[in-house]
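Enquirer: Below are the structure tokens for one structure; questions will follow.
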Amino acid sequence: MSSDPILDQVCKELVATHAVHTILLYGSRADGSACADSDYDVAAFGPIGESFRVARLVDGAYLDVFVYPEALLLETTEEYLKLRGSHVVMQRGTEAEDCLSKLDEIFRRGPEPLPSDEIEARKVWAHKMAARMQRADLEGNYRRVWLLTALLEDYFHIRGLWYQGPKKSLRWLEQFDVPAYDAMRLALEPNASEEAVLSLVHLVAGKPDA
């Protein structure tokens, strides 16, 4: 099935235990950006009634497997965009290739734009969290972490772009918006200043209204 012994072991288990017929490897191990501690992100499809997830440590590597009913291969929606660019480990007929082709088409169309009131609400929320983090108490520190996590996603949502998870999104910023990438890098430093965080807030959400 695969030249990777861990992936090969996982695939054999999935076939033997759940009769899956289609297996995709996605994420960093599929797109060539994996490092030594990268997960094995696997999606499998077979004759099961409900989706389930398996996460465990295998020979020092973390495994994250989603097993889906086979019907979902034919009901491709944006919910499964994380599978875009997958390596097909095995498939029944051309079902995996057809599914990935549909995902590419969905991606090219772009996401449904957020309503203007939702965009404004997210911008106001960012400024509210920035103000509350300046308390520097336990809750304020929590809100700082929450804010930093949300700002990466909201950068893309507010601009009508797909958010593809942290790794791909940060790489996209590095390639297409260097000022935003630099602002994100500075704000995410462990001992980043409030000024660095506020600069990122202003870049993503604009300056607060007077």
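Residue numbers start at 1 in each chain; chains themselves are named A, B, ... in the order of the structure tokens; ligands are numbered from 1 in the order shown.
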Do you know which residues are at most 10 Å from Gly49 in chain A counting only C-alpha atoms, after dropping those on the same chain fewer than 5 positions away, and could you put them as a list in words?
Expert: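 The residues that qualify are Tyr68, Pro69, Glu70 and Ala71 of chain A.
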Enquirer: Do a neighbour search on range 106-118 of chain A at 7 Å with only C-alpha atoms, toss out local chain neighbours closer than 2 positions, and write the hits as a PyMOL selection string.
Expert: chain A and resi 78+102-104+120-122+160-162
Enquirer: Store the residues picked out above in a file with N, CA, C and O atoms, as a short mmCIF file (atom, residue, chain, number, x, y, z; two decimals), in the first residue's frame.
Expert:
data_model
loop_
_atom_site.label_atom_id
_atom_site.label_comp_id
_atom_site.auth_asym_id
_atom_site.auth_seq_id
_atom_site.Cartn_x
_atom_site.Cartn_y
_atom_site.Cartn_z
N GLU A 78 -17.53 21.82 1.10
CA GLU A 78 -16.38 22.58 1.60
C GLU A 78 -15.93 22.10 2.97
O GLU A 78 -14.81 22.40 3.40
N LYS A 102 -13.36 17.59 -7.28
CA LYS A 102 -14.47 18.45 -6.85
C LYS A 102 -14.03 19.44 -5.78
O LYS A 102 -14.46 20.59 -5.77
N LEU A 103 -13.15 19.00 -4.89
CA LEU A 103 -12.64 19.89 -3.85
C LEU A 103 -11.83 21.03 -4.46
O LEU A 103 -11.90 22.18 -4.01
N ASP A 104 -11.04 20.72 -5.48
CA ASP A 104 -10.29 21.78 -6.17
C ASP A 104 -11.24 22.80 -6.79
O ASP A 104 -10.98 24.01 -6.76
N GLU A 120 -18.17 43.31 10.57
CA GLU A 120 -18.05 44.40 11.54
C GLU A 120 -18.00 43.86 12.96
O GLU A 120 -17.23 44.35 13.80
N ALA A 121 -18.80 42.84 13.25
CA ALA A 121 -18.82 42.26 14.59
C ALA A 121 -17.46 41.65 14.93
O ALA A 121 -16.99 41.77 16.08
N ARG A 122 -16.83 41.00 13.98
CA ARG A 122 -15.52 40.40 14.24
C ARG A 122 -14.46 41.47 14.48
O ARG A 122 -13.56 41.29 15.32
N GLY A 160 -12.49 37.49 2.65
CA GLY A 160 -13.14 36.60 1.69
C GLY A 160 -12.23 35.54 1.12
O GLY A 160 -12.39 35.12 -0.03
N LEU A 161 -11.27 35.08 1.92
CA LEU A 161 -10.32 34.06 1.49
C LEU A 161 -10.53 32.80 2.33
O LEU A 161 -11.04 32.85 3.45
N TRP A 162 -10.12 31.66 1.78
CA TRP A 162 -10.19 30.43 2.54
C TRP A 162 -9.17 30.44 3.67
O TRP A 162 -8.01 30.78 3.46
#
Enquirer: Given only C-alpha atoms as the basis, pick out the residue of A:Val58, A:Ile6, A:Val65, A:Ala96 nearest to His21 in chain A.
Expert: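 Comparing A:Val58, A:Ile6, A:Val65, A:Ala96 against His21 in chain A, the winner is A:Ala96.
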Enquirer: Could you give me, as a list in words, the residues within 12 Å of Ser169 in chain A, counting only C-alpha atoms and dropping anything in the same chain fewer than 6 positions from it?
Expert: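 Near Ser169 in chain A, the qualifying residues are Leu151, Leu152, Glu153, Asp154, Tyr155, Phe156, His157, Leu161, Trp162, Tyr163, Gln175, Phe176, Asp177, Ala180, Tyr181 and Met184 of chain A.
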Enquirer: Kindly export the residues of the current selection with C-alpha atoms, as a PDB file, in the first residue's frame.
Expert:
ATOM      1  CA  LEU A 151      -6.786  36.915  14.364  1.00  0.00           C
ATOM      2  CA  LEU A 152      -5.167  34.492  11.942  1.00  0.00           C
ATOM      3  CA  GLU A 153      -8.525  33.003  10.975  1.00  0.00           C
ATOM      4  CA  ASP A 154     -10.243  36.379  10.814  1.00  0.00           C
ATOM      5  CA  TYR A 155      -7.551  37.817   8.546  1.00  0.00           C
ATOM      6  CA  PHE A 156      -8.768  35.366   5.901  1.00  0.00           C
ATOM      7  CA  HIS A 157     -12.494  35.366   6.697  1.00  0.00           C
ATOM      8  CA  LEU A 161     -10.325  34.057   1.493  1.00  0.00           C
ATOM      9  CA  TRP A 162     -10.194  30.426   2.542  1.00  0.00           C
ATOM     10  CA  TYR A 163      -8.657  29.788   5.954  1.00  0.00           C
ATOM     11  CA  GLN A 175       4.316  34.464   0.230  1.00  0.00           C
ATOM     12  CA  PHE A 176       1.541  36.967  -0.498  1.00  0.00           C
ATOM     13  CA  ASP A 177       1.367  39.470   2.385  1.00  0.00           C
ATOM     14  CA  ALA A 180       0.883  40.722   7.725  1.00  0.00           C
ATOM     15  CA  TYR A 181       3.270  37.795   8.111  1.00  0.00           C
ATOM     16  CA  MET A 184       1.827  37.914  12.991  1.00  0.00           C
TER      17      MET A 184
END
Enquirer: From the list A:Val67, A:Ala43, A:Met90, A:Leu198, which residue is nearest Ala130 in chain A when using only C-alpha atoms?
Expert: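 Result for the nearest residue to Ala130 in chain A: A:Leu198.
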Enquirer: Give me every helix (DSSP H, G or I) residue in range 119-206 of chain A, going by DSSP on the backbone, as a PyMOL selection string.
Expert: chain A and resi 119-133+138-158+166-176+178-187+194-205
Enquirer: Looking at only C-alpha atoms, which of A:Gly140, A:Gly206, A:Tyr26, A:Glu97 is the one that sits closest to Glu194 in chain A?
Expert: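 Of A:Gly140, A:Gly206, A:Tyr26, A:Glu97, the one nearest Glu194 in chain A, counting only C-alpha atoms, is A:Gly140.
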